[in-house]
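Enquirer: Quick one, start.cif (mmCIF, C-alpha atoms and all ligand atoms; chains and numbers go by the auth columns):
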```cif
data_protein
loop_
_atom_site.group_PDB
_atom_site.id
_atom_site.type_symbol
_atom_site.label_atom_id
_atom_site.label_comp_id
_atom_site.label_asym_id
_atom_site.label_seq_id
_atom_site.Cartn_x
_atom_site.Cartn_y
_atom_site.Cartn_z
_atom_site.B_iso_or_equiv
_atom_site.auth_seq_id
_atom_site.auth_asym_id
ATOM 1 C CA MET A 1 39.348 -30.441 28.482 0.00 243 A
ATOM 2 C CA ASN A 2 39.075 -31.530 32.106 0.00 244 A
ATOM 3 C CA PHE A 3 41.174 -34.463 33.205 0.00 245 A
ATOM 4 C CA THR A 4 40.210 -37.052 35.796 0.00 246 A
ATOM 5 C CA ILE A 5 43.227 -39.103 36.783 0.00 247 A
ATOM 6 C CA LEU A 6 42.875 -42.736 37.881 0.00 248 A
ATOM 7 C CA ARG A 7 46.081 -44.052 39.405 0.00 249 A
ATOM 8 C CA PHE A 8 47.195 -47.650 39.735 0.00 250 A
ATOM 9 C CA ASP A 9 50.335 -49.081 41.273 0.00 251 A
ATOM 10 C CA GLN A 10 49.988 -51.996 38.895 0.00 252 A
ATOM 11 C CA ILE A 11 47.599 -52.847 36.094 0.00 253 A
ATOM 12 C CA ASP A 12 47.583 -55.108 33.035 0.00 254 A
ATOM 13 C CA SER A 13 47.441 -52.249 30.534 0.00 255 A
ATOM 14 C CA THR A 14 46.318 -48.652 30.964 0.00 256 A
ATOM 15 C CA ASN A 15 44.906 -48.801 27.419 0.00 257 A
ATOM 16 C CA THR A 16 42.749 -51.810 28.277 0.00 258 A
ATOM 17 C CA GLU A 17 41.479 -50.072 31.415 0.00 259 A
ATOM 18 C CA ALA A 18 40.762 -46.803 29.574 0.00 260 A
ATOM 19 C CA LEU A 19 38.930 -48.690 26.792 0.00 261 A
ATOM 20 C CA ASN A 20 36.798 -50.469 29.404 0.00 262 A
ATOM 21 C CA GLN A 21 36.064 -47.177 31.167 0.00 263 A
ATOM 22 C CA ALA A 22 35.146 -45.549 27.829 0.00 264 A
ATOM 23 C CA LYS A 23 32.749 -48.426 27.064 0.00 265 A
ATOM 24 C CA ARG A 24 31.138 -47.780 30.447 0.00 266 A
ATOM 25 C CA GLY A 25 30.647 -44.131 29.426 0.00 267 A
ATOM 26 C CA ALA A 26 33.717 -42.363 30.852 0.00 268 A
ATOM 27 C CA ASP A 27 33.970 -38.742 29.792 0.00 269 A
ATOM 28 C CA GLU A 28 36.661 -37.350 27.585 0.00 270 A
ATOM 29 C CA GLY A 29 39.705 -36.590 29.724 0.00 271 A
ATOM 30 C CA LEU A 30 39.672 -39.750 31.812 0.00 272 A
ATOM 31 C CA CYS A 31 43.334 -40.560 32.251 0.00 273 A
ATOM 32 C CA VAL A 32 44.580 -43.913 33.543 0.00 274 A
ATOM 33 C CA VAL A 33 48.142 -43.910 34.904 0.00 275 A
ATOM 34 C CA ALA A 34 50.069 -46.901 36.234 0.00 276 A
ATOM 35 C CA ARG A 35 53.491 -47.270 37.803 0.00 277 A
ATOM 36 C CA ARG A 36 53.816 -50.710 36.279 0.00 278 A
ATOM 37 C CA GLN A 37 51.979 -52.668 33.571 0.00 279 A
ATOM 38 C CA THR A 38 51.922 -56.446 33.534 0.00 280 A
ATOM 39 C CA ALA A 39 50.603 -56.659 29.947 0.00 281 A
ATOM 40 C CA GLY A 40 51.604 -53.343 28.388 0.00 282 A
ATOM 41 C CA ARG A 41 50.747 -53.368 24.706 0.00 283 A
ATOM 42 C CA GLY A 42 52.657 -51.893 21.788 0.00 284 A
ATOM 43 C CA ARG A 43 51.669 -51.599 18.146 0.00 285 A
ATOM 44 C CA HIS A 44 51.254 -54.728 16.021 0.00 286 A
ATOM 45 C CA GLY A 45 50.600 -56.879 19.086 0.00 287 A
ATOM 46 C CA ARG A 46 54.068 -56.263 20.510 0.00 288 A
ATOM 47 C CA VAL A 47 54.724 -56.163 24.239 0.00 289 A
ATOM 48 C CA TRP A 48 55.539 -52.822 25.867 0.00 290 A
ATOM 49 C CA VAL A 49 57.868 -53.656 28.719 0.00 291 A
ATOM 50 C CA SER A 50 56.661 -51.600 31.686 0.00 292 A
ATOM 51 C CA GLU A 51 58.799 -52.107 34.783 0.00 293 A
ATOM 52 C CA LYS A 52 57.829 -50.235 37.923 0.00 294 A
ATOM 53 C CA ASP A 53 58.607 -46.502 37.601 0.00 295 A
ATOM 54 C CA ALA A 54 60.913 -47.053 34.634 0.00 296 A
ATOM 55 C CA GLY A 55 58.457 -45.198 32.423 0.00 297 A
ATOM 56 C CA LEU A 56 55.395 -43.019 32.436 0.00 298 A
ATOM 57 C CA PHE A 57 52.563 -45.289 31.315 0.00 299 A
ATOM 58 C CA PHE A 58 49.199 -43.656 30.757 0.00 300 A
ATOM 59 C CA SER A 59 46.117 -43.622 28.548 0.00 301 A
ATOM 60 C CA VAL A 60 43.588 -40.889 27.920 0.00 302 A
ATOM 61 C CA VAL A 61 40.010 -41.220 26.686 0.00 303 A
ATOM 62 C CA LEU A 62 39.222 -38.798 23.870 0.00 304 A
ATOM 63 C CA ARG A 63 35.890 -38.259 22.196 0.00 305 A
ATOM 64 C CA PRO A 64 36.921 -36.418 19.040 0.00 306 A
ATOM 65 C CA THR A 65 34.297 -34.500 17.130 0.00 307 A
ATOM 66 C CA ILE A 66 36.129 -34.796 13.821 0.00 308 A
ATOM 67 C CA GLU A 67 35.217 -36.572 10.595 0.00 309 A
ATOM 68 C CA THR A 68 35.969 -40.296 10.744 0.00 310 A
ATOM 69 C CA ARG A 69 38.461 -40.073 7.863 0.00 311 A
ATOM 70 C CA PHE A 70 40.622 -37.794 10.026 0.00 312 A
ATOM 71 C CA LEU A 71 40.714 -40.101 13.067 0.00 313 A
ATOM 72 C CA PRO A 72 44.280 -41.298 12.306 0.00 314 A
ATOM 73 C CA LEU A 73 45.361 -37.708 12.943 0.00 315 A
ATOM 74 C CA VAL A 74 44.692 -38.218 16.666 0.00 316 A
ATOM 75 C CA THR A 75 47.890 -40.271 16.679 0.00 317 A
ATOM 76 C CA LEU A 76 49.876 -37.587 14.877 0.00 318 A
ATOM 77 C CA MET A 77 48.480 -34.983 17.260 0.00 319 A
ATOM 78 C CA SER A 78 49.620 -37.090 20.235 0.00 320 A
ATOM 79 C CA ALA A 79 53.132 -37.302 18.820 0.00 321 A
ATOM 80 C CA VAL A 80 53.208 -33.503 18.538 0.00 322 A
ATOM 81 C CA VAL A 81 52.095 -33.298 22.179 0.00 323 A
ATOM 82 C CA VAL A 82 54.926 -35.529 23.414 0.00 324 A
ATOM 83 C CA HIS A 83 57.456 -33.783 21.188 0.00 325 A
ATOM 84 C CA ASP A 84 56.590 -30.348 22.569 0.00 326 A
ATOM 85 C CA THR A 85 56.458 -31.572 26.153 0.00 327 A
ATOM 86 C CA LEU A 86 59.969 -33.036 26.020 0.00 328 A
ATOM 87 C CA GLU A 87 61.273 -29.963 24.285 0.00 329 A
ATOM 88 C CA GLU A 88 59.705 -27.533 26.743 0.00 330 A
ATOM 89 C CA LEU A 89 60.479 -29.389 29.976 0.00 331 A
ATOM 90 C CA TYR A 90 63.931 -30.742 29.177 0.00 332 A
ATOM 91 C CA ALA A 91 65.082 -28.764 26.125 0.00 333 A
ATOM 92 C CA ILE A 92 65.457 -32.083 24.306 0.00 334 A
ATOM 93 C CA ASP A 93 65.716 -31.959 20.543 0.00 335 A
ATOM 94 C CA CYS A 94 63.232 -34.638 19.429 0.00 336 A
ATOM 95 C CA ASP A 95 62.170 -36.064 16.111 0.00 337 A
ATOM 96 C CA ILE A 96 58.906 -37.787 15.220 0.00 338 A
ATOM 97 C CA LYS A 97 59.444 -40.991 13.323 0.00 339 A
ATOM 98 C CA TRP A 98 56.381 -41.584 11.167 0.00 340 A
ATOM 99 C CA VAL A 99 53.892 -42.137 12.379 0.00 341 A
ATOM 100 C CA ASN A 100 54.178 -41.664 16.088 0.00 342 A
ATOM 101 C CA ASP A 101 57.467 -42.762 17.640 0.00 343 A
ATOM 102 C CA ILE A 102 59.391 -40.052 19.423 0.00 344 A
ATOM 103 C CA HIS A 103 63.111 -40.276 18.839 0.00 345 A
ATOM 104 C CA ILE A 104 66.093 -38.573 20.386 0.00 346 A
ATOM 105 C CA ARG A 105 69.351 -38.875 18.422 0.00 347 A
ATOM 106 C CA GLY A 106 67.812 -41.748 16.471 0.00 348 A
ATOM 107 C CA LYS A 107 66.695 -43.717 19.531 0.00 349 A
ATOM 108 C CA LYS A 108 63.112 -44.278 20.627 0.00 350 A
ATOM 109 C CA VAL A 109 62.061 -42.592 23.873 0.00 351 A
ATOM 110 C CA CYS A 110 58.285 -42.886 23.530 0.00 352 A
ATOM 111 C CA GLY A 111 55.667 -45.029 21.824 0.00 353 A
ATOM 112 C CA ILE A 112 52.013 -44.209 21.264 0.00 354 A
ATOM 113 C CA LEU A 113 49.159 -46.670 20.794 0.00 355 A
ATOM 114 C CA ALA A 114 45.783 -45.218 19.792 0.00 356 A
ATOM 115 C CA GLU A 115 42.792 -47.540 19.840 0.00 357 A
ATOM 116 C CA THR A 116 39.119 -46.874 19.140 0.00 358 A
ATOM 117 C CA CYS A 117 35.972 -48.396 20.587 0.00 359 A
ATOM 118 C CA GLU A 118 32.241 -47.921 20.252 0.00 360 A
ATOM 119 C CA THR A 119 30.602 -46.640 23.416 0.00 361 A
ATOM 120 C CA PRO A 120 27.098 -45.552 24.446 0.00 362 A
ATOM 121 C CA LYS A 121 28.257 -41.958 23.906 0.00 363 A
ATOM 122 C CA GLY A 122 29.686 -42.646 20.435 0.00 364 A
ATOM 123 C CA LEU A 123 33.133 -43.509 19.228 0.00 365 A
ATOM 124 C CA ALA A 124 35.976 -43.037 21.706 0.00 366 A
ATOM 125 C CA VAL A 125 39.691 -42.991 21.007 0.00 367 A
ATOM 126 C CA VAL A 126 42.077 -44.112 23.710 0.00 368 A
ATOM 127 C CA VAL A 127 45.559 -42.675 23.338 0.00 369 A
ATOM 128 C CA GLY A 128 48.132 -44.695 25.252 0.00 370 A
ATOM 129 C CA ILE A 129 51.553 -43.199 25.776 0.00 371 A
ATOM 130 C CA GLY A 130 54.653 -44.871 27.159 0.00 372 A
ATOM 131 C CA ILE A 131 57.659 -42.654 27.821 0.00 373 A
ATOM 132 C CA ASN A 132 60.948 -44.142 28.980 0.00 374 A
ATOM 133 C CA LEU A 133 62.022 -42.343 32.146 0.00 375 A
ATOM 134 C CA LYS A 134 65.042 -44.546 32.928 0.00 376 A
ATOM 135 C CA SER A 135 67.159 -46.863 30.790 0.00 377 A
ATOM 136 C CA SER A 136 68.346 -49.172 33.544 0.00 378 A
ATOM 137 C CA ASN A 137 65.783 -51.927 32.919 0.00 379 A
ATOM 138 C CA PHE A 138 65.727 -52.055 29.127 0.00 380 A
ATOM 139 C CA PRO A 139 65.512 -55.642 27.903 0.00 381 A
ATOM 140 C CA PRO A 140 68.529 -56.575 25.722 0.00 382 A
ATOM 141 C CA GLU A 141 66.496 -56.589 22.486 0.00 383 A
ATOM 142 C CA ILE A 142 65.755 -52.850 22.735 0.00 384 A
ATOM 143 C CA ALA A 143 68.827 -51.649 24.621 0.00 385 A
ATOM 144 C CA GLU A 144 70.534 -50.493 21.398 0.00 386 A
ATOM 145 C CA THR A 145 67.532 -48.732 19.883 0.00 387 A
ATOM 146 C CA ALA A 146 65.852 -47.139 22.911 0.00 388 A
ATOM 147 C CA THR A 147 66.709 -44.243 25.147 0.00 389 A
ATOM 148 C CA SER A 148 65.185 -42.495 28.148 0.00 390 A
ATOM 149 C CA ILE A 149 64.797 -38.998 29.511 0.00 391 A
ATOM 150 C CA GLU A 150 67.260 -39.817 32.266 0.00 392 A
ATOM 151 C CA ALA A 151 69.885 -40.993 29.786 0.00 393 A
ATOM 152 C CA GLU A 152 69.455 -37.895 27.653 0.00 394 A
ATOM 153 C CA THR A 153 69.385 -35.289 30.403 0.00 395 A
ATOM 154 C CA ASN A 154 71.326 -36.893 33.275 0.00 396 A
ATOM 155 C CA GLN A 155 68.350 -36.001 35.455 0.00 397 A
ATOM 156 C CA THR A 156 65.699 -38.262 36.929 0.00 398 A
ATOM 157 C CA PRO A 157 62.488 -36.808 35.512 0.00 399 A
ATOM 158 C CA ASN A 158 59.545 -36.025 37.760 0.00 400 A
ATOM 159 C CA ALA A 159 56.689 -38.123 36.360 0.00 401 A
ATOM 160 C CA GLU A 160 54.027 -35.834 37.838 0.00 402 A
ATOM 161 C CA ILE A 161 55.380 -32.698 36.208 0.00 403 A
ATOM 162 C CA LEU A 162 55.737 -34.613 32.965 0.00 404 A
ATOM 163 C CA LEU A 163 52.122 -35.805 33.113 0.00 405 A
ATOM 164 C CA GLN A 164 50.889 -32.313 33.908 0.00 406 A
ATOM 165 C CA LYS A 165 52.630 -30.801 30.879 0.00 407 A
ATOM 166 C CA LEU A 166 51.474 -33.637 28.621 0.00 408 A
ATOM 167 C CA THR A 167 47.847 -33.151 29.607 0.00 409 A
ATOM 168 C CA PHE A 168 48.215 -29.388 29.101 0.00 410 A
ATOM 169 C CA PHE A 169 49.454 -29.827 25.513 0.00 411 A
ATOM 170 C CA LEU A 170 46.961 -32.630 24.868 0.00 412 A
ATOM 171 C CA SER A 171 44.130 -30.309 25.737 0.00 413 A
ATOM 172 C CA GLU A 172 45.576 -27.533 23.541 0.00 414 A
ATOM 173 C CA PHE A 173 46.139 -29.689 20.466 0.00 415 A
ATOM 174 C CA ARG A 174 42.845 -31.515 20.891 0.00 416 A
ATOM 175 C CA ASP A 175 41.165 -28.131 20.518 0.00 417 A
ATOM 176 C CA VAL A 176 43.265 -27.362 17.459 0.00 418 A
ATOM 177 C CA LEU A 177 42.257 -30.669 15.845 0.00 419 A
ATOM 178 C CA SER A 178 38.565 -30.087 16.587 0.00 420 A
ATOM 179 C CA GLY A 179 38.630 -26.443 15.494 0.00 421 A
ATOM 180 C CA ALA A 180 38.487 -24.781 12.080 0.00 422 A
ATOM 181 C CA ASN A 181 40.828 -26.465 9.558 0.00 423 A
ATOM 182 C CA GLY A 182 41.954 -28.672 12.438 0.00 424 A
ATOM 183 C CA ALA A 183 43.111 -31.591 10.301 0.00 425 A
ATOM 184 C CA GLU A 184 45.215 -29.343 8.107 0.00 426 A
ATOM 185 C CA LYS A 185 46.733 -27.587 11.120 0.00 427 A
ATOM 186 C CA ILE A 186 47.688 -30.834 12.850 0.00 428 A
ATOM 187 C CA ARG A 187 49.278 -32.134 9.638 0.00 429 A
ATOM 188 C CA ALA A 188 51.304 -28.929 9.417 0.00 430 A
ATOM 189 C CA GLU A 189 52.369 -29.126 13.080 0.00 431 A
ATOM 190 C CA TRP A 190 53.414 -32.743 12.647 0.00 432 A
ATOM 191 C CA THR A 191 55.286 -32.062 9.402 0.00 433 A
ATOM 192 C CA ARG A 192 57.215 -29.200 10.996 0.00 434 A
ATOM 193 C CA ARG A 193 58.515 -31.487 13.741 0.00 435 A
ATOM 194 C CA SER A 194 59.307 -34.653 11.780 0.00 436 A
ATOM 195 C CA SER A 195 62.398 -35.286 9.689 0.00 437 A
ATOM 196 C CA TYR A 196 60.445 -38.169 8.152 0.00 438 A
ATOM 197 C CA ALA A 197 57.937 -35.955 6.377 0.00 439 A
ATOM 198 C CA PHE A 198 60.023 -35.102 3.319 0.00 440 A
ATOM 199 C CA GLY A 199 63.128 -36.379 1.611 0.00 441 A
ATOM 200 C CA LYS A 200 63.963 -39.267 3.923 0.00 442 A
ATOM 201 C CA ARG A 201 65.163 -42.459 2.248 0.00 443 A
ATOM 202 C CA VAL A 202 63.244 -45.313 3.861 0.00 444 A
ATOM 203 C CA ARG A 203 62.730 -49.022 3.678 0.00 445 A
ATOM 204 C CA VAL A 204 59.176 -50.063 4.525 0.00 446 A
ATOM 205 C CA VAL A 205 58.010 -53.598 5.248 0.00 447 A
ATOM 206 C CA ILE A 206 54.302 -54.059 4.494 0.00 448 A
ATOM 207 C CA GLU A 207 52.991 -57.568 5.010 0.00 449 A
ATOM 208 C CA ASN A 208 55.075 -59.624 2.532 0.00 450 A
ATOM 209 C CA GLU A 209 56.433 -56.697 0.577 0.00 451 A
ATOM 210 C CA THR A 210 59.428 -54.454 1.191 0.00 452 A
ATOM 211 C CA ILE A 211 59.636 -51.137 -0.601 0.00 453 A
ATOM 212 C CA HIS A 212 62.416 -48.571 -0.839 0.00 454 A
ATOM 213 C CA GLY A 213 61.898 -44.919 -1.599 0.00 455 A
ATOM 214 C CA ILE A 214 61.951 -41.313 -0.465 0.00 456 A
ATOM 215 C CA THR A 215 59.271 -39.727 1.699 0.00 457 A
ATOM 216 C CA ARG A 216 57.139 -37.089 0.000 0.00 458 A
ATOM 217 C CA GLY A 217 54.866 -35.720 2.722 0.00 459 A
ATOM 218 C CA ILE A 218 51.684 -37.002 4.317 0.00 460 A
ATOM 219 C CA GLU A 219 48.162 -37.429 3.021 0.00 461 A
ATOM 220 C CA GLU A 220 45.167 -35.653 4.535 0.00 462 A
ATOM 221 C CA ASN A 221 44.645 -38.559 6.951 0.00 463 A
ATOM 222 C CA GLY A 222 48.305 -38.815 7.952 0.00 464 A
ATOM 223 C CA ALA A 223 49.273 -41.662 5.608 0.00 465 A
ATOM 224 C CA LEU A 224 52.860 -41.376 4.340 0.00 466 A
ATOM 225 C CA ARG A 225 53.665 -40.782 0.672 0.00 467 A
ATOM 226 C CA VAL A 226 56.767 -42.609 -0.526 0.00 468 A
ATOM 227 C CA GLU A 227 58.265 -42.165 -3.984 0.00 469 A
ATOM 228 C CA LEU A 228 59.684 -45.457 -5.152 0.00 470 A
ATOM 229 C CA ASP A 229 62.898 -45.581 -7.154 0.00 471 A
ATOM 230 C CA CYS A 230 60.799 -46.162 -10.296 0.00 472 A
ATOM 231 C CA GLY A 231 59.009 -42.848 -9.694 0.00 473 A
ATOM 232 C CA GLU A 232 55.698 -44.348 -8.559 0.00 474 A
ATOM 233 C CA ILE A 233 54.169 -42.722 -5.444 0.00 475 A
ATOM 234 C CA ARG A 234 52.885 -45.188 -2.853 0.00 476 A
ATOM 235 C CA THR A 235 50.644 -44.241 0.067 0.00 477 A
ATOM 236 C CA ILE A 236 51.555 -46.068 3.243 0.00 478 A
ATOM 237 C CA HIS A 237 48.970 -46.462 6.016 0.00 479 A
ATOM 238 C CA ALA A 238 50.267 -46.823 9.553 0.00 480 A
ATOM 239 C CA GLY A 239 48.206 -49.944 10.270 0.00 481 A
ATOM 240 C CA ASP A 240 49.763 -51.817 7.316 0.00 482 A
ATOM 241 C CA VAL A 241 53.395 -51.166 8.179 0.00 483 A
ATOM 242 C CA GLU A 242 55.360 -53.806 10.028 0.00 484 A
ATOM 243 C CA ASN A 243 58.609 -51.914 9.952 0.00 485 A
ATOM 244 C CA LEU A 244 59.913 -48.598 8.641 0.00 486 A
ATOM 245 C CA ARG A 245 63.607 -47.759 8.648 0.00 487 A
ATOM 246 C CA THR A 246 65.882 -45.140 7.276 0.00 488 A
ATOM 247 C CA VAL A 247 68.443 -46.489 4.830 0.00 489 A
HETATM 248 C C1 LIG B . 54.489 -48.687 20.401 0.00 501 A
HETATM 249 O O1 LIG B . 54.471 -49.863 20.024 0.00 501 A
HETATM 250 O O2 LIG B . 55.407 -47.930 20.094 0.00 501 A
HETATM 251 C C2 LIG B . 53.361 -48.152 21.241 0.00 501 A
HETATM 252 C C3 LIG B . 53.602 -48.355 22.695 0.00 501 A
HETATM 253 C C4 LIG B . 52.519 -47.796 23.585 0.00 501 A
HETATM 254 C C5 LIG B . 52.747 -48.127 25.044 0.00 501 A
HETATM 255 C C6 LIG B . 51.783 -47.439 25.945 0.00 501 A
HETATM 256 S S1 LIG B . 52.235 -47.559 27.634 0.00 501 A
HETATM 257 C C7 LIG B . 50.693 -46.932 28.131 0.00 501 A
HETATM 258 C C8 LIG B . 49.658 -47.560 27.219 0.00 501 A
HETATM 259 N N1 LIG B . 49.220 -48.841 27.724 0.00 501 A
HETATM 260 C C9 LIG B . 49.560 -49.850 26.910 0.00 501 A
HETATM 261 O O3 LIG B . 49.303 -51.050 27.116 0.00 501 A
HETATM 262 N N2 LIG B . 50.224 -49.371 25.850 0.00 501 A
HETATM 263 C C10 LIG B . 50.345 -47.934 25.881 0.00 501 A
#
```
Using the file provided, produce a representation of the structure as structure tokens.
Ligand code: BTN
Expert:
Amino acid sequence: MNFTILRFDQIDSTNTEALNQAKRGADEGLCVVARRQTAGRGRHGRVWVSEKDAGLFFSVVLRPTIETRFLPLVTLMSAVVVHDTLEELYAIDCDIKWVNDIHIRGKKVCGILAETCETPKGLAVVVGIGINLKSSNFPPEIAETATSIEAETNQTPNAEILLQKLTFFLSEFRDVLSGANGAEKIRAEWTRRSSYAFGKRVRVVIENETIHGITRGIEENGALRVELDCGEIRTIHAGDVENLRTV
């Protein structure tokens, strides 16, 4: 995959820009990077605080050639990409919290927001990734639960090198997902890297319901199987979950 990088000092949201570019026909590989976002978006309509140079904020346009039912796996694939990048560049031992948060020692270092849109060239998926580079500007409400590469390594990371490695792995795993048995391979790669895949006791808040149980692997589309205390297996879809915690 060839990447074209569009850089902004400041933008509302790199995801919004990448979605607009995709709707105007941008090719796969268009990558929007900003030093600061004024309206960075997280999952479930949350704000992604994006102070200048405190994080790497970028979004990539993908045009996956996979069956629609496997589209949620683009998110899992992106989590694998970030996991391997942090491990290779900084020797950081990371975990993937289902479905796509990257954690270091139980604290979140990266969030991923994948959004789809119809375009003249077919469906596009925009993968937006926010990686905390520094912890200095964390708002109080996330200070306890978030971490950064700087805090974990005592080094100030080079955002350019980080972006280069991320795009390298993104291209690799995109080919895996689109290739033979791609969905199965990505599920296996994700499962290998996530302590959440099997045997984790979790509490999940879904709309007005809270369930407790133990994780029992992921479905073919990446949904999480949870065995409730009564023995019933529930399938949890990422879009329905307001909150998932270990207990
Ligand atoms: C989450 O809630 O964990 C997902 C956060 C995703 C944040 C990134 S930062 C780059 C891109 N642009 C956005 O507005 N959001 C994503």
Enquirer: Set out as a Markdown table a contact list for chain A and ligand LIG 501 (chain A) with a cut-off of 10 Å, giving each residue of chain A that qualifies its closest atom pair and distance in Å to one decimal, counting all atoms listed in the file, ordered by chain and rising residue number.
Expert:
```
| residue | atom | partner | partner_atom | distance |
| --- | --- | --- | --- | --- |
| A:Ile253 | CA | A:LIG501 | O3 | 9.3 |
| A:Asp254 | CA | A:LIG501 | O3 | 7.4 |
| A:Ser255 | CA | A:LIG501 | O3 | 4.1 |
| A:Thr256 | CA | A:LIG501 | N1 | 4.4 |
| A:Asn257 | CA | A:LIG501 | N1 | 4.3 |
| A:Thr258 | CA | A:LIG501 | O3 | 6.7 |
| A:Glu259 | CA | A:LIG501 | N1 | 8.7 |
| A:Ala260 | CA | A:LIG501 | N1 | 8.9 |
| A:Val274 | CA | A:LIG501 | C7 | 8.7 |
| A:Val275 | CA | A:LIG501 | C7 | 7.8 |
| A:Ala276 | CA | A:LIG501 | C7 | 8.1 |
| A:Arg278 | CA | A:LIG501 | S1 | 9.3 |
| A:Gln279 | CA | A:LIG501 | O3 | 7.2 |
| A:Thr280 | CA | A:LIG501 | O3 | 8.8 |
| A:Ala281 | CA | A:LIG501 | O3 | 6.4 |
| A:Gly282 | CA | A:LIG501 | O3 | 3.5 |
| A:Arg283 | CA | A:LIG501 | O3 | 3.6 |
| A:Gly284 | CA | A:LIG501 | O1 | 3.2 |
| A:Arg285 | CA | A:LIG501 | O1 | 3.8 |
| A:His286 | CA | A:LIG501 | O1 | 7.1 |
| A:Gly287 | CA | A:LIG501 | O1 | 8.1 |
| A:Arg288 | CA | A:LIG501 | O1 | 6.4 |
| A:Val289 | CA | A:LIG501 | O1 | 7.6 |
| A:Trp290 | CA | A:LIG501 | C5 | 5.5 |
| A:Val291 | CA | A:LIG501 | S1 | 8.4 |
| A:Ser292 | CA | A:LIG501 | S1 | 7.2 |
| A:Gly297 | CA | A:LIG501 | S1 | 8.2 |
| A:Leu298 | CA | A:LIG501 | S1 | 7.3 |
| A:Phe299 | CA | A:LIG501 | C7 | 4.0 |
| A:Phe300 | CA | A:LIG501 | C7 | 4.5 |
| A:Ser301 | CA | A:LIG501 | C8 | 5.5 |
| A:Val302 | CA | A:LIG501 | C8 | 9.0 |
| A:Val341 | CA | A:LIG501 | O2 | 9.8 |
| A:Asn342 | CA | A:LIG501 | O2 | 7.5 |
| A:Asp343 | CA | A:LIG501 | O2 | 6.1 |
| A:Ile344 | CA | A:LIG501 | O2 | 8.9 |
| A:Lys350 | CA | A:LIG501 | O2 | 8.5 |
| A:Val351 | CA | A:LIG501 | O2 | 9.3 |
| A:Cys352 | CA | A:LIG501 | O2 | 6.7 |
| A:Gly353 | CA | A:LIG501 | O2 | 3.4 |
| A:Ile354 | CA | A:LIG501 | C2 | 4.2 |
| A:Leu355 | CA | A:LIG501 | C2 | 4.5 |
| A:Ala356 | CA | A:LIG501 | C10 | 8.1 |
| A:Glu357 | CA | A:LIG501 | C10 | 9.7 |
| A:Val368 | CA | A:LIG501 | C8 | 9.0 |
| A:Val369 | CA | A:LIG501 | C8 | 7.5 |
| A:Gly370 | CA | A:LIG501 | C8 | 3.8 |
| A:Ile371 | CA | A:LIG501 | C6 | 4.2 |
| A:Gly372 | CA | A:LIG501 | S1 | 3.6 |
| A:Ile373 | CA | A:LIG501 | S1 | 7.3 |
| A:Asn374 | CA | A:LIG501 | S1 | 9.5 |
```
Enquirer: Restrict the selected residues to C-alpha atoms and save them as a tab-separated table (two decimals), keeping the file's coordinate frame.
Expert:
```
chain	number	residue	atom	x	y	z
A	253	ILE	CA	47.60	-52.85	36.09
A	254	ASP	CA	47.58	-55.11	33.03
A	255	SER	CA	47.44	-52.25	30.53
A	256	THR	CA	46.32	-48.65	30.96
A	257	ASN	CA	44.91	-48.80	27.42
A	258	THR	CA	42.75	-51.81	28.28
A	259	GLU	CA	41.48	-50.07	31.42
A	260	ALA	CA	40.76	-46.80	29.57
A	274	VAL	CA	44.58	-43.91	33.54
A	275	VAL	CA	48.14	-43.91	34.90
A	276	ALA	CA	50.07	-46.90	36.23
A	278	ARG	CA	53.82	-50.71	36.28
A	279	GLN	CA	51.98	-52.67	33.57
A	280	THR	CA	51.92	-56.45	33.53
A	281	ALA	CA	50.60	-56.66	29.95
A	282	GLY	CA	51.60	-53.34	28.39
A	283	ARG	CA	50.75	-53.37	24.71
A	284	GLY	CA	52.66	-51.89	21.79
A	285	ARG	CA	51.67	-51.60	18.15
A	286	HIS	CA	51.25	-54.73	16.02
A	287	GLY	CA	50.60	-56.88	19.09
A	288	ARG	CA	54.07	-56.26	20.51
A	289	VAL	CA	54.72	-56.16	24.24
A	290	TRP	CA	55.54	-52.82	25.87
A	291	VAL	CA	57.87	-53.66	28.72
A	292	SER	CA	56.66	-51.60	31.69
A	297	GLY	CA	58.46	-45.20	32.42
A	298	LEU	CA	55.40	-43.02	32.44
A	299	PHE	CA	52.56	-45.29	31.32
A	300	PHE	CA	49.20	-43.66	30.76
A	301	SER	CA	46.12	-43.62	28.55
A	302	VAL	CA	43.59	-40.89	27.92
A	341	VAL	CA	53.89	-42.14	12.38
A	342	ASN	CA	54.18	-41.66	16.09
A	343	ASP	CA	57.47	-42.76	17.64
A	344	ILE	CA	59.39	-40.05	19.42
A	350	LYS	CA	63.11	-44.28	20.63
A	351	VAL	CA	62.06	-42.59	23.87
A	352	CYS	CA	58.28	-42.89	23.53
A	353	GLY	CA	55.67	-45.03	21.82
A	354	ILE	CA	52.01	-44.21	21.26
A	355	LEU	CA	49.16	-46.67	20.79
A	356	ALA	CA	45.78	-45.22	19.79
A	357	GLU	CA	42.79	-47.54	19.84
A	368	VAL	CA	42.08	-44.11	23.71
A	369	VAL	CA	45.56	-42.68	23.34
A	370	GLY	CA	48.13	-44.70	25.25
A	371	ILE	CA	51.55	-43.20	25.78
A	372	GLY	CA	54.65	-44.87	27.16
A	373	ILE	CA	57.66	-42.65	27.82
A	374	ASN	CA	60.95	-44.14	28.98
```
Enquirer: So which residues touch range 310-327 of chain A within 6 Å, counting only C-alpha atoms, skipping near sequence neighbours fewer than 3 positions away, as a list in words?
Expert: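 After dropping sequence-adjacent residues, the list is Glu330, Leu331, Asn342, Leu408, Phe411, Leu412, Trp432, Asn463 and Gly464 of chain A.
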Enquirer: Identify which of the residues A:Arg467, A:Leu365, A:Lys349, A:Leu404 lies closest to Glu386 in chain A, counting all atoms listed in the file when measuring atom-to-atom distances.
Expert: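 Among the listed residues, the smallest separation from Glu386 in chain A belongs to A:Lys349.
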Enquirer: Which distance in Å separates CA of Thr361 in chain A and CA of Phe410 in chain A, to one decimal?
Expert: 25.3 Å
